[in-house]
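*Asks:* Below is coords02.cif; it holds mmCIF, C-alpha atoms (C1' of nucleotides).
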```cif
data_start
#
loop_
_atom_site.label_atom_id
_atom_site.label_comp_id
_atom_site.auth_asym_id
_atom_site.auth_seq_id
_atom_site.Cartn_x
_atom_site.Cartn_y
_atom_site.Cartn_z
CA MET A 1 -24.65 11.90 -3.03
CA ALA A 2 -24.43 9.90 -6.18
CA SER A 3 -27.70 9.81 -8.05
CA SER A 4 -30.04 10.71 -5.21
CA GLY A 5 -30.86 13.68 -7.40
CA LEU A 6 -31.41 16.53 -4.97
CA LYS A 7 -28.63 18.51 -6.59
CA PRO A 8 -28.84 18.48 -10.39
CA GLN A 9 -25.13 18.52 -11.22
CA ARG A 10 -23.70 20.49 -14.08
CA ALA A 11 -23.37 18.86 -17.48
CA ASP A 12 -19.57 18.69 -17.38
CA TRP A 13 -19.79 17.09 -13.95
CA GLN A 14 -21.93 14.28 -15.32
CA ARG A 15 -19.74 13.87 -18.36
CA ASN A 16 -16.64 13.50 -16.22
CA HIS A 17 -18.41 11.24 -13.79
CA GLU A 18 -19.23 8.83 -16.56
CA ARG A 19 -15.77 9.05 -18.05
CA LEU A 20 -14.31 8.22 -14.68
CA LEU A 21 -16.56 5.24 -14.20
CA ALA A 22 -15.88 4.02 -17.71
CA ALA A 23 -12.16 4.25 -17.07
CA ALA A 24 -12.44 2.67 -13.64
CA ARG A 25 -14.37 -0.41 -14.69
CA PRO A 26 -11.66 -2.23 -16.66
CA LEU A 27 -8.96 -1.11 -14.25
CA VAL A 28 -10.89 -2.40 -11.26
CA ALA A 29 -11.48 -5.62 -13.16
CA ARG A 30 -7.71 -5.89 -13.59
CA ASP A 31 -6.45 -4.64 -10.21
CA GLY A 32 -9.35 -5.13 -7.84
CA ALA A 33 -9.96 -2.88 -4.89
CA GLN A 34 -6.35 -1.62 -4.87
CA VAL A 35 -6.80 0.09 -8.23
CA SER A 36 -4.66 3.23 -8.56
CA PHE A 37 -6.67 6.45 -8.42
CA GLU A 38 -4.00 8.22 -10.42
CA GLU A 39 -4.27 5.67 -13.19
CA VAL A 40 -8.03 5.88 -13.30
CA ALA A 41 -7.85 9.67 -13.61
CA ARG A 42 -5.11 9.47 -16.24
CA GLU A 43 -7.08 6.93 -18.23
CA ALA A 44 -10.20 9.07 -18.02
CA GLY A 45 -8.26 12.11 -19.24
CA VAL A 46 -9.12 13.99 -16.10
CA GLY A 47 -7.09 15.57 -13.30
CA SER A 48 -6.61 13.45 -10.24
CA ALA A 49 -8.16 16.15 -8.08
CA THR A 50 -11.36 15.73 -10.04
CA LEU A 51 -11.42 12.02 -9.33
CA HIS A 52 -11.01 12.71 -5.63
CA ARG A 53 -13.78 15.26 -5.79
CA HIS A 54 -16.16 12.84 -7.48
CA PHE A 55 -15.23 9.91 -5.25
CA PRO A 56 -14.04 11.05 -1.84
CA SER A 57 -13.16 7.51 -0.84
CA ARG A 58 -12.12 4.28 -2.48
CA ARG A 59 -15.29 2.82 -1.14
CA ALA A 60 -17.38 5.42 -2.98
CA LEU A 61 -15.73 4.59 -6.29
CA LEU A 62 -16.13 0.86 -5.87
CA ASP A 63 -19.74 1.25 -4.79
CA GLU A 64 -20.56 2.99 -8.05
CA VAL A 65 -18.48 0.66 -10.18
CA PHE A 66 -20.38 -2.29 -8.76
CA ARG A 67 -23.80 -0.66 -8.70
CA GLU A 68 -25.04 -2.75 -11.61
CA ALA A 69 -23.66 -5.96 -10.18
CA ALA A 70 -25.34 -5.20 -6.87
CA GLU A 71 -28.60 -4.45 -8.66
CA ARG A 72 -28.41 -7.76 -10.48
CA LEU A 73 -27.81 -9.57 -7.22
CA ARG A 74 -30.73 -7.79 -5.62
CA ARG A 75 -33.04 -8.93 -8.42
CA ARG A 76 -31.75 -12.47 -8.04
CA GLY A 77 -32.57 -12.23 -4.33
CA ASP A 78 -36.12 -11.22 -5.19
CA GLU A 79 -36.45 -14.23 -7.47
CA LEU A 80 -35.27 -16.58 -4.74
CA LEU A 81 -37.92 -15.24 -2.39
CA GLY A 82 -40.36 -17.24 -4.50
CA GLY A 83 -39.02 -20.74 -3.91
CA ASP A 84 -38.03 -22.97 -1.02
CA PRO A 85 -36.85 -20.89 1.95
CA GLY A 86 -33.95 -23.08 3.01
CA ALA A 87 -32.62 -23.88 -0.44
CA GLY A 88 -33.19 -20.30 -1.49
CA LEU A 89 -30.98 -18.95 1.25
CA LEU A 90 -28.24 -21.44 0.49
CA THR A 91 -28.41 -20.63 -3.21
CA TRP A 92 -28.32 -16.92 -2.45
CA LEU A 93 -25.26 -17.16 -0.24
CA GLU A 94 -23.51 -19.34 -2.74
CA GLU A 95 -24.23 -17.12 -5.72
CA LEU A 96 -23.24 -14.10 -3.67
CA THR A 97 -19.95 -15.71 -2.74
CA VAL A 98 -19.19 -16.78 -6.28
CA ALA A 99 -20.00 -13.34 -7.66
CA ALA A 100 -17.77 -11.70 -5.05
CA VAL A 101 -14.91 -14.05 -5.75
CA GLU A 102 -15.14 -13.80 -9.51
CA THR A 103 -15.53 -10.05 -9.67
CA ARG A 104 -12.29 -8.52 -8.55
CA GLY A 105 -12.88 -5.88 -5.89
CA LEU A 106 -16.53 -6.64 -5.30
CA SER A 107 -15.76 -8.36 -1.99
CA ALA A 108 -14.36 -5.12 -0.62
CA SER A 109 -17.58 -3.37 -1.57
CA LEU A 110 -19.65 -5.95 0.24
CA GLU A 111 -17.82 -5.48 3.52
CA ALA A 112 -19.69 -3.63 6.20
CA ASP A 113 -18.38 -0.12 6.77
CA ALA A 114 -15.60 -0.38 9.27
CA ASP A 115 -16.76 2.75 11.13
CA GLY A 116 -19.87 1.13 12.55
CA GLY A 117 -22.39 3.60 11.17
CA PRO A 118 -25.34 2.11 9.28
CA SER A 119 -23.95 1.81 5.77
CA SER A 120 -25.85 3.70 3.11
CA ALA A 121 -28.72 1.74 1.61
CA GLU A 122 -27.35 2.84 -1.78
CA GLY A 123 -24.00 1.09 -1.57
CA CYS A 124 -23.37 -2.53 -2.48
CA HIS A 125 -23.36 -3.54 1.13
CA GLY A 126 -26.73 -1.94 1.79
CA VAL A 127 -28.39 -3.40 -1.30
CA VAL A 128 -27.12 -6.89 -0.66
CA ARG A 129 -27.80 -6.69 3.05
CA THR A 130 -31.46 -5.92 2.46
CA ALA A 131 -31.88 -8.94 0.22
CA THR A 132 -30.07 -11.12 2.75
CA VAL A 133 -32.29 -9.94 5.59
CA HIS A 134 -35.41 -10.89 3.67
CA LEU A 135 -34.14 -14.33 2.78
CA VAL A 136 -32.94 -15.05 6.29
CA ASP A 137 -36.21 -13.90 7.84
CA ARG A 138 -38.14 -16.19 5.59
CA ALA A 139 -35.85 -19.13 6.26
CA LEU A 140 -36.13 -18.53 9.99
CA ALA A 141 -39.91 -18.38 9.81
CA ALA A 142 -39.96 -21.63 7.86
CA GLY A 143 -37.66 -23.26 10.41
CA ALA A 144 -35.16 -23.95 7.66
CA VAL A 145 -32.24 -22.56 9.62
CA ARG A 146 -31.23 -22.61 13.25
CA PRO A 147 -32.90 -19.92 15.30
CA GLY A 148 -30.48 -17.17 16.28
CA ILE A 149 -28.86 -17.01 12.87
CA SER A 150 -28.24 -13.35 12.04
CA PRO A 151 -28.22 -11.95 8.50
CA ASP A 152 -25.32 -9.68 9.38
CA ASP A 153 -23.26 -12.59 10.63
CA LEU A 154 -24.01 -14.60 7.52
CA LEU A 155 -23.06 -11.67 5.35
CA ALA A 156 -19.90 -11.11 7.34
CA LEU A 157 -19.02 -14.75 6.86
CA VAL A 158 -19.59 -14.57 3.12
CA THR A 159 -17.46 -11.46 2.75
CA ALA A 160 -14.75 -12.95 4.95
CA ILE A 161 -14.64 -16.03 2.76
CA SER A 162 -14.67 -14.14 -0.51
CA LEU A 163 -12.06 -11.64 0.63
CA ALA A 164 -9.73 -14.42 1.67
CA THR A 165 -10.21 -16.58 -1.42
CA GLU A 166 -10.35 -13.89 -4.05
CA SER A 167 -9.99 -15.52 -7.49
CA ASP A 168 -10.41 -19.11 -6.29
CA SER A 169 -14.12 -19.76 -6.48
CA ALA A 170 -13.81 -23.50 -5.88
CA ALA A 171 -12.18 -22.85 -2.51
CA ALA A 172 -14.77 -20.23 -1.69
CA ARG A 173 -17.60 -22.61 -2.42
CA ARG A 174 -15.99 -25.31 -0.33
CA LEU A 175 -15.54 -23.02 2.65
CA LEU A 176 -19.07 -21.75 2.39
CA ARG A 177 -20.49 -25.28 2.39
CA LEU A 178 -18.24 -26.20 5.28
CA ALA A 179 -19.65 -23.29 7.24
CA PHE A 180 -23.19 -24.06 6.18
CA ASP A 181 -23.11 -27.69 7.19
CA GLY A 182 -21.04 -27.13 10.28
CA VAL A 183 -18.19 -29.23 11.57
CA ARG A 184 -19.88 -31.71 13.87
CA PRO A 185 -21.24 -35.01 12.51
CA MET B 1 17.31 -18.84 6.15
CA ALA B 2 16.75 -17.40 9.57
CA SER B 3 18.13 -19.59 12.32
CA SER B 4 18.55 -22.80 10.35
CA GLY B 5 22.24 -22.21 10.93
CA LEU B 6 23.85 -23.45 7.72
CA LYS B 7 25.36 -20.04 7.09
CA PRO B 8 26.87 -18.52 10.20
CA GLN B 9 26.10 -14.86 9.57
CA ARG B 10 28.47 -12.11 10.47
CA ALA B 11 28.17 -10.44 13.87
CA ASP B 12 26.91 -7.13 12.47
CA TRP B 13 24.30 -9.02 10.48
CA GLN B 14 22.91 -10.56 13.64
CA ARG B 15 23.06 -7.26 15.50
CA ASN B 16 21.08 -5.51 12.78
CA HIS B 17 18.66 -8.40 12.45
CA GLU B 18 17.76 -8.10 16.11
CA ARG B 19 17.56 -4.32 15.94
CA LEU B 20 15.16 -4.62 13.02
CA LEU B 21 12.94 -7.12 14.78
CA ALA B 22 12.97 -5.03 17.95
CA ALA B 23 11.92 -1.98 15.93
CA ALA B 24 9.34 -3.91 13.97
CA ARG B 25 7.52 -5.44 16.90
CA PRO B 26 5.88 -2.29 18.31
CA LEU B 27 5.25 -0.89 14.84
CA VAL B 28 3.53 -4.07 13.70
CA ALA B 29 1.51 -4.01 16.91
CA ARG B 30 0.40 -0.49 15.97
CA ASP B 31 -0.05 -0.79 12.20
CA GLY B 32 -0.57 -4.47 11.56
CA ALA B 33 0.54 -6.13 8.36
CA GLN B 34 0.70 -2.82 6.45
CA VAL B 35 3.55 -1.56 8.62
CA SER B 36 5.88 0.75 6.69
CA PHE B 37 9.22 -0.83 5.86
CA GLU B 38 10.81 2.60 5.70
CA GLU B 39 9.63 3.40 9.20
CA VAL B 40 10.90 0.13 10.61
CA ALA B 41 14.33 0.77 9.08
CA ARG B 42 14.35 4.38 10.31
CA GLU B 43 13.35 3.30 13.81
CA ALA B 44 16.03 0.61 13.83
CA GLY B 45 18.66 3.16 12.75
CA VAL B 46 19.45 1.15 9.67
CA GLY B 47 19.30 1.81 5.93
CA SER B 48 16.14 0.68 4.22
CA ALA B 49 18.19 -1.42 1.82
CA THR B 50 19.40 -3.42 4.79
CA LEU B 51 15.85 -4.12 5.89
CA HIS B 52 15.01 -5.38 2.41
CA ARG B 53 18.12 -7.54 2.44
CA HIS B 54 17.19 -9.10 5.77
CA PHE B 55 13.52 -9.55 4.90
CA PRO B 56 12.96 -9.92 1.16
CA SER B 57 9.20 -9.90 1.61
CA ARG B 58 6.65 -8.53 4.01
CA ARG B 59 5.74 -12.08 4.74
CA ALA B 60 9.28 -12.88 5.86
CA LEU B 61 9.28 -10.00 8.32
CA LEU B 62 5.91 -10.86 9.78
CA ASP B 63 6.84 -14.51 10.06
CA GLU B 64 9.80 -13.64 12.25
CA VAL B 65 7.92 -11.05 14.26
CA PHE B 66 5.29 -13.61 15.11
CA ARG B 67 7.62 -16.56 15.58
CA GLU B 68 7.16 -16.56 19.34
CA ALA B 69 3.40 -16.24 19.10
CA ALA B 70 3.32 -19.16 16.66
CA GLU B 71 5.49 -21.19 18.99
CA ARG B 72 3.15 -20.48 21.89
CA LEU B 73 0.19 -21.57 19.78
CA ARG B 74 1.98 -24.74 18.78
CA ARG B 75 2.59 -25.64 22.42
CA ARG B 76 -1.06 -24.97 23.20
CA GLY B 77 -1.98 -27.34 20.36
CA ASP B 78 0.18 -30.03 21.92
CA GLU B 79 -1.60 -29.57 25.23
CA LEU B 80 -4.99 -29.93 23.60
CA LEU B 81 -3.95 -33.23 22.05
CA GLY B 82 -4.32 -34.66 25.57
CA GLY B 83 -8.02 -33.98 26.12
CA ASP B 84 -11.31 -34.59 24.37
CA PRO B 85 -10.86 -34.69 20.58
CA GLY B 86 -13.98 -32.74 19.64
CA ALA B 87 -13.78 -30.10 22.33
CA GLY B 88 -10.05 -29.83 21.83
CA LEU B 89 -10.43 -28.99 18.17
CA LEU B 90 -13.08 -26.39 18.89
CA THR B 91 -10.98 -24.83 21.62
CA TRP B 92 -7.97 -24.78 19.34
CA LEU B 93 -9.79 -23.06 16.51
CA GLU B 94 -11.29 -20.56 18.88
CA GLU B 95 -8.05 -19.69 20.60
CA LEU B 96 -6.34 -19.47 17.24
CA THR B 97 -8.98 -17.08 15.98
CA VAL B 98 -8.87 -14.91 19.05
CA ALA B 99 -5.08 -14.75 18.98
CA ALA B 100 -5.15 -13.77 15.31
CA VAL B 101 -7.76 -11.11 15.85
CA GLU B 102 -6.11 -9.61 18.90
CA THR B 103 -2.60 -9.59 17.52
CA ARG B 104 -2.51 -7.06 14.72
CA GLY B 105 -0.97 -8.54 11.62
CA LEU B 106 -0.89 -12.13 12.82
CA SER B 107 -3.82 -13.07 10.58
CA ALA B 108 -1.80 -12.14 7.52
CA SER B 109 0.96 -14.43 8.68
CA LEU B 110 -1.43 -17.33 9.10
CA GLU B 111 -2.69 -17.10 5.52
CA ALA B 112 -1.50 -19.81 3.19
CA ASP B 113 1.07 -18.61 0.69
CA ALA B 114 -0.81 -17.28 -2.29
CA ASP B 115 1.65 -18.86 -4.72
CA GLY B 116 0.54 -22.40 -4.03
CA GLY B 117 3.90 -23.81 -3.02
CA PRO B 118 4.01 -25.71 0.28
CA SER B 119 4.64 -22.94 2.78
CA SER B 120 7.80 -23.32 4.78
CA ALA B 121 7.37 -25.36 7.93
CA GLU B 122 9.20 -22.53 9.70
CA GLY B 123 6.67 -19.79 9.08
CA CYS B 124 3.59 -19.13 11.19
CA HIS B 125 1.37 -20.83 8.67
CA GLY B 126 3.46 -23.98 8.67
CA VAL B 127 3.71 -24.21 12.44
CA VAL B 128 0.02 -23.66 12.99
CA ARG B 129 -0.96 -25.90 10.13
CA THR B 130 0.91 -28.84 11.61
CA ALA B 131 -0.88 -28.47 14.93
CA THR B 132 -4.22 -28.17 13.14
CA VAL B 133 -3.61 -31.30 11.11
CA HIS B 134 -2.93 -33.33 14.26
CA LEU B 135 -6.03 -32.09 16.05
CA VAL B 136 -8.26 -32.64 13.03
CA ASP B 137 -6.92 -36.13 12.45
CA ARG B 138 -7.63 -37.06 16.02
CA ALA B 139 -11.13 -35.56 15.93
CA LEU B 140 -11.87 -37.43 12.70
CA ALA B 141 -10.65 -40.70 14.17
CA ALA B 142 -12.86 -40.17 17.22
CA GLY B 143 -15.83 -39.37 15.01
CA ALA B 144 -16.12 -35.97 16.66
CA VAL B 145 -16.35 -34.12 13.36
CA ARG B 146 -17.98 -34.83 10.02
CA PRO B 147 -15.86 -37.03 7.77
CA GLY B 148 -14.41 -35.07 4.89
CA ILE B 149 -13.44 -32.08 7.00
CA SER B 150 -10.05 -30.87 5.87
CA PRO B 151 -7.54 -29.15 8.14
CA ASP B 152 -6.59 -26.76 5.35
CA ASP B 153 -10.19 -25.71 4.85
CA LEU B 154 -10.66 -25.17 8.56
CA LEU B 155 -7.50 -23.12 8.72
CA ALA B 156 -8.56 -21.12 5.68
CA LEU B 157 -11.88 -20.42 7.34
CA VAL B 158 -10.23 -19.27 10.53
CA THR B 159 -7.86 -16.95 8.71
CA ALA B 160 -10.70 -15.60 6.58
CA ILE B 161 -12.70 -14.80 9.68
CA SER B 162 -9.83 -13.23 11.53
CA LEU B 163 -8.69 -11.19 8.54
CA ALA B 164 -12.17 -9.79 8.07
CA THR B 165 -12.85 -9.04 11.72
CA GLU B 166 -9.46 -7.76 12.73
CA SER B 167 -9.75 -6.07 16.13
CA ASP B 168 -13.29 -7.29 16.90
CA SER B 169 -12.80 -10.57 18.70
CA ALA B 170 -16.44 -10.88 19.75
CA ALA B 171 -17.53 -10.86 16.11
CA ALA B 172 -14.80 -13.31 15.23
CA ARG B 173 -15.89 -15.72 17.93
CA ARG B 174 -19.50 -15.45 16.80
CA LEU B 175 -18.64 -16.16 13.17
CA LEU B 176 -16.49 -19.10 14.11
CA ARG B 177 -19.26 -20.65 16.19
CA LEU B 178 -21.72 -20.02 13.41
CA ALA B 179 -19.47 -21.90 11.04
CA PHE B 180 -18.83 -24.64 13.52
CA ASP B 181 -22.46 -25.32 14.27
CA GLY B 182 -23.68 -24.81 10.74
CA VAL B 183 -26.77 -23.02 9.57
CA ARG B 184 -29.36 -25.75 9.38
CA PRO B 185 -31.43 -26.61 12.45
"C1'" DT C 1 -24.22 39.06 -22.98
"C1'" DA C 2 -22.41 39.29 -18.51
"C1'" DC C 3 -21.99 37.38 -14.19
"C1'" DG C 4 -21.52 34.19 -10.31
"C1'" DA C 5 -21.48 29.64 -8.85
"C1'" DT C 6 -19.57 25.35 -10.04
"C1'" DA C 7 -16.09 22.48 -11.63
"C1'" DT C 8 -11.44 21.72 -13.33
"C1'" DG C 9 -6.38 20.38 -13.27
"C1'" DG C 10 -1.41 21.51 -12.90
"C1'" DG C 11 1.60 21.00 -9.71
"C1'" DG C 12 3.04 20.72 -4.73
"C1'" DT C 13 3.71 17.94 -0.46
"C1'" DG C 14 4.93 14.12 1.72
"C1'" DG C 15 4.68 9.50 1.79
"C1'" DT C 16 5.87 4.58 -0.06
"C1'" DA C 17 8.73 0.29 -2.06
"C1'" DC C 18 12.64 -1.28 -4.00
"C1'" DC C 19 17.35 -1.20 -5.79
"C1'" DC C 20 22.27 0.35 -7.47
"C1'" DC C 21 26.78 0.75 -6.24
"C1'" DG C 22 30.62 3.04 -3.79
"C1'" DT C 23 32.13 2.43 1.02
"C1'" DT C 24 32.83 0.27 5.43
"C1'" DT C 25 33.38 -3.65 8.49
"C1'" DG C 26 34.25 -8.30 10.09
"C1'" DT C 27 36.84 -12.36 9.71
"C1'" DC C 28 40.25 -15.40 8.55
"C1'" DT C 29 44.82 -16.38 7.13
"C1'" DA C 30 49.71 -15.78 6.65
"C1'" DT D 1 49.38 -8.36 13.86
"C1'" DA D 2 48.63 -6.84 9.27
"C1'" DG D 3 46.52 -7.43 5.09
"C1'" DA D 4 43.16 -9.20 1.89
"C1'" DC D 5 38.68 -10.30 0.57
"C1'" DA D 6 34.03 -11.45 1.07
"C1'" DA D 7 30.10 -9.77 3.42
"C1'" DA D 8 27.23 -6.30 4.81
"C1'" DC D 9 25.94 -1.53 4.87
"C1'" DG D 10 23.40 2.77 3.57
"C1'" DG D 11 22.91 7.16 0.95
"C1'" DG D 12 20.47 8.43 -2.49
"C1'" DG D 13 17.96 7.48 -6.96
"C1'" DT D 14 13.78 5.97 -9.45
"C1'" DA D 15 9.20 5.45 -9.83
"C1'" DC D 16 5.29 5.30 -7.89
"C1'" DC D 17 1.17 6.74 -4.79
"C1'" DA D 18 -2.80 9.68 -2.25
"C1'" DC D 19 -4.43 13.87 -1.33
"C1'" DC D 20 -4.96 18.92 -1.57
"C1'" DC D 21 -4.35 24.15 -2.84
"C1'" DC D 22 -5.72 27.67 -5.69
"C1'" DA D 23 -5.58 30.13 -10.07
"C1'" DT D 24 -8.30 29.31 -14.17
"C1'" DA D 25 -12.02 27.88 -17.17
"C1'" DT D 26 -16.70 26.51 -18.01
"C1'" DC D 27 -21.67 26.32 -17.43
"C1'" DG D 28 -26.35 27.95 -16.72
"C1'" DT D 29 -29.04 31.78 -16.18
"C1'" DA D 30 -30.85 36.48 -15.32
#
```
Please lay out the structure from this file as structure tokens.
*Replies:*
Amino acid sequence: MASSGLKPQRADWQRNHERLLAAARPLVARDGAQVSFEEVAREAGVGSATLHRHFPSRRALLDEVFREAAERLRRRGDELLGGDPGAGLLTWLEELTVAAVETRGLSASLEADADGGPSSAEGCHGVVRTATVHLVDRALAAGAVRPGISPDDLLALVTAISLATESDSAAARRLLRLAFDGVRP
Amino acid sequence: MASSGLKPQRADWQRNHERLLAAARPLVARDGAQVSFEEVAREAGVGSATLHRHFPSRRALLDEVFREAAERLRRRGDELLGGDPGAGLLTWLEELTVAAVETRGLSASLEADADGGPSSAEGCHGVVRTATVHLVDRALAAGAVRPGISPDDLLALVTAISLATESDSAAARRLLRLAFDGVRP
DNA sequence: TACGATATGGGGTGGTACCCCGTTTGTCTA
DNA sequence: TAGACAAACGGGGTACCACCCCATATCGTA
């Protein structure tokens, strides 16, 4: 769905879609992933059924709300592909963590879909996963990280940390570094 | 509160308290930390106001539901204080993670109180934290872990992992080992 | 302009948390 | 043992929430 463009939606559909997103953005910023659908619809001046029709799941709404943030992260990932492989990966994971912690609700959007299926390449998770895969591959090739390190595990670790430390970016950074450097001397 | 015994509660209070816990246990096992208070009260054959009076917060209910599990973990921690410091700490963190992942809702109870205050030594977090502190201290003294490692950070990492991987203990184990061994070669 | 597909939204259903306050019950004392 | 009083109870109220049905309105086009 979304903007994949096969079905050119009616003008009022697009108008409402944008109204809904515009209403959702500040509310998500305030309430995070638990934002009330009813309130978003109310704020947008739209029936709640319409909101549910446009965004059949909470995930779908969050994915669109954070589309720009995900796009920005993806570009940053591209940039980091130019420098040192090891440092680049660390920087990437750290910036990802900080972004997730500082942007209420983003962490939830970065989580892998619970129902196993390969998450859409459009959603935040898909976009960020792709960038992570590239950076990890390069770091592996350069021998900058232990062999066997999996991009999905790293991503899972980052989302775990940012979900658990939402709004405390110092703690998130500390935990990430702890995980990166390991526990043994 | 609870069993600290300063206020000998009335007989019907104790009866209802046990009924509530008995009703809560299977429901928490089924629904985890999001268990419905209304359903617990209904199942216990008690008014919902009574449930709220006995357990003023979700946290308070979960803490009592998992009291025995926390106690078991604490004893296991004591055992591990007898063996190798480094291996003991690793074993402890791993068993803690697995227990949290396999026991729906336990992860939530292990989280540090959001509102900063020192969490009660009675609750799951307090009990488990104490055991963790001892094991980390010993491992630090033996030089089995990097200096600077903090028990609270380790515990936060474990709860982050188990919250994010609830019900997938293989993934949880993998993430924990990843964090333990670090990312660099 | 008329028509059919597309989209809307009021309002219903059934669920939740949390709390007020009139009523019951347990306990302790006389 | 009876009575008094604090302690505990619980029905029902308020205020939310997600999600969906279906009669109505709007859009794009033939």
*Asks:* Name the residues, using the chain letters and numbers of the file, that sit within 10 Å of (3.6, -21.8, 16.9) when counting all atoms listed in the file, and give them as an NGL selection string.
*Replies:* :B and (66-77 or 122-131)
*Asks:* Just want the 6 Å neighbourhood of range 43-57 of chain A, counted on all atoms listed in the file, with same-chain residues fewer than 2 positions away dropped. Output as an MDAnalysis selection string.
*Replies:* (chainID A and resid 19:20 23 38:41 59:61) or (chainID C and resid 9)
*Asks:* With all atoms listed in the file as the counted atoms, please give the residues lying no more than 12 Å from Glu111 in chain A, apart from itself and same-chain residues fewer than 2 positions off, as a PyMOL selection string.
*Replies:* (chain A and resi 33+59+62-63+100+105-109+113-116+119+123-129+152-163) or (chain B and resi 163-165)
*Asks:* Those residues with C-alpha atoms, as a compact mmCIF listing (two decimals), in the coordinates of the input please?
*Replies:*
```
# COMPACT_ATOMS: atom_id res chain seq x y z
CA ALA A 33 -9.96 -2.88 -4.89
CA ARG A 59 -15.29 2.82 -1.14
CA LEU A 62 -16.13 0.86 -5.87
CA ASP A 63 -19.74 1.25 -4.79
CA ALA A 100 -17.77 -11.70 -5.05
CA GLY A 105 -12.88 -5.88 -5.89
CA LEU A 106 -16.53 -6.64 -5.30
CA SER A 107 -15.76 -8.36 -1.99
CA ALA A 108 -14.36 -5.12 -0.62
CA SER A 109 -17.58 -3.37 -1.57
CA ASP A 113 -18.38 -0.12 6.77
CA ALA A 114 -15.60 -0.38 9.27
CA ASP A 115 -16.76 2.75 11.13
CA GLY A 116 -19.87 1.13 12.55
CA SER A 119 -23.95 1.81 5.77
CA GLY A 123 -24.00 1.09 -1.57
CA CYS A 124 -23.37 -2.53 -2.48
CA HIS A 125 -23.36 -3.54 1.13
CA GLY A 126 -26.73 -1.94 1.79
CA VAL A 127 -28.39 -3.40 -1.30
CA VAL A 128 -27.12 -6.89 -0.66
CA ARG A 129 -27.80 -6.69 3.05
CA ASP A 152 -25.32 -9.68 9.38
CA ASP A 153 -23.26 -12.59 10.63
CA LEU A 154 -24.01 -14.60 7.52
CA LEU A 155 -23.06 -11.67 5.35
CA ALA A 156 -19.90 -11.11 7.34
CA LEU A 157 -19.02 -14.75 6.86
CA VAL A 158 -19.59 -14.57 3.12
CA THR A 159 -17.46 -11.46 2.75
CA ALA A 160 -14.75 -12.95 4.95
CA ILE A 161 -14.64 -16.03 2.76
CA SER A 162 -14.67 -14.14 -0.51
CA LEU A 163 -12.06 -11.64 0.63
CA LEU B 163 -8.69 -11.19 8.54
CA ALA B 164 -12.17 -9.79 8.07
CA THR B 165 -12.85 -9.04 11.72
```
*Asks:* With a distance cut-off of 9 Å and only C-alpha atoms (C1' of nucleotides), select the neighbouring residues of Ala172 in chain A, excluding the residue or stretch itself and same-chain residues fewer than 2 positions from it, and output the selection as a PDB file with C-alpha atoms, in the frame of the given file.
*Replies:*
```pdb
ATOM      1  CA  GLU A  94     -23.510 -19.340  -2.740  1.00  0.00           C
ATOM      2  CA  THR A  97     -19.950 -15.710  -2.740  1.00  0.00           C
ATOM      3  CA  VAL A  98     -19.190 -16.780  -6.280  1.00  0.00           C
ATOM      4  CA  VAL A 101     -14.910 -14.050  -5.750  1.00  0.00           C
ATOM      5  CA  VAL A 158     -19.590 -14.570   3.120  1.00  0.00           C
ATOM      6  CA  ILE A 161     -14.640 -16.030   2.760  1.00  0.00           C
ATOM      7  CA  SER A 162     -14.670 -14.140  -0.510  1.00  0.00           C
ATOM      8  CA  ALA A 164      -9.730 -14.420   1.670  1.00  0.00           C
ATOM      9  CA  THR A 165     -10.210 -16.580  -1.420  1.00  0.00           C
ATOM     10  CA  GLU A 166     -10.350 -13.890  -4.050  1.00  0.00           C
ATOM     11  CA  SER A 167      -9.990 -15.520  -7.490  1.00  0.00           C
ATOM     12  CA  ASP A 168     -10.410 -19.110  -6.290  1.00  0.00           C
ATOM     13  CA  SER A 169     -14.120 -19.760  -6.480  1.00  0.00           C
ATOM     14  CA  ALA A 170     -13.810 -23.500  -5.880  1.00  0.00           C
ATOM     15  CA  ARG A 174     -15.990 -25.310  -0.330  1.00  0.00           C
ATOM     16  CA  LEU A 175     -15.540 -23.020   2.650  1.00  0.00           C
ATOM     17  CA  LEU A 176     -19.070 -21.750   2.390  1.00  0.00           C
ATOM     18  CA  ARG A 177     -20.490 -25.280   2.390  1.00  0.00           C
TER      19      ARG A 177
END
```
*Asks:* Skipping near chain neighbours, those fewer than 6 positions away, what residues fall within 12 Å of DA30 in chain C using all atoms listed in the file, listed as a PyMOL selection string?
*Replies:* chain D and resi 1-4
*Asks:* Could you build a table of the residues in chain B lying no more than 6 Å from chain A, giving for each the nearest pair of atoms and their separation in Å rounded to one decimal place, using all atoms listed in the file, ordered by chain and ascending residue number, as a tab-separated table?
*Replies:*
```
residue	atom	partner	partner_atom	distance
B:Val145	CA	A:Arg184	CA	4.3
B:Arg146	CA	A:Pro185	CA	4.1
B:Ala160	CA	A:Ala160	CA	5.1
B:Ile161	CA	A:Ala160	CA	5.5
B:Ala164	CA	A:Ala160	CA	5.1
B:Ala179	CA	A:Ala179	CA	4.1
B:Phe180	CA	A:Gly182	CA	4.6
B:Asp181	CA	A:Gly182	CA	4.6
B:Gly182	CA	A:Gly182	CA	3.5
B:Val183	CA	A:Phe180	CA	5.0
B:Arg184	CA	A:Val145	CA	4.3
B:Pro185	CA	A:Arg146	CA	4.1
```
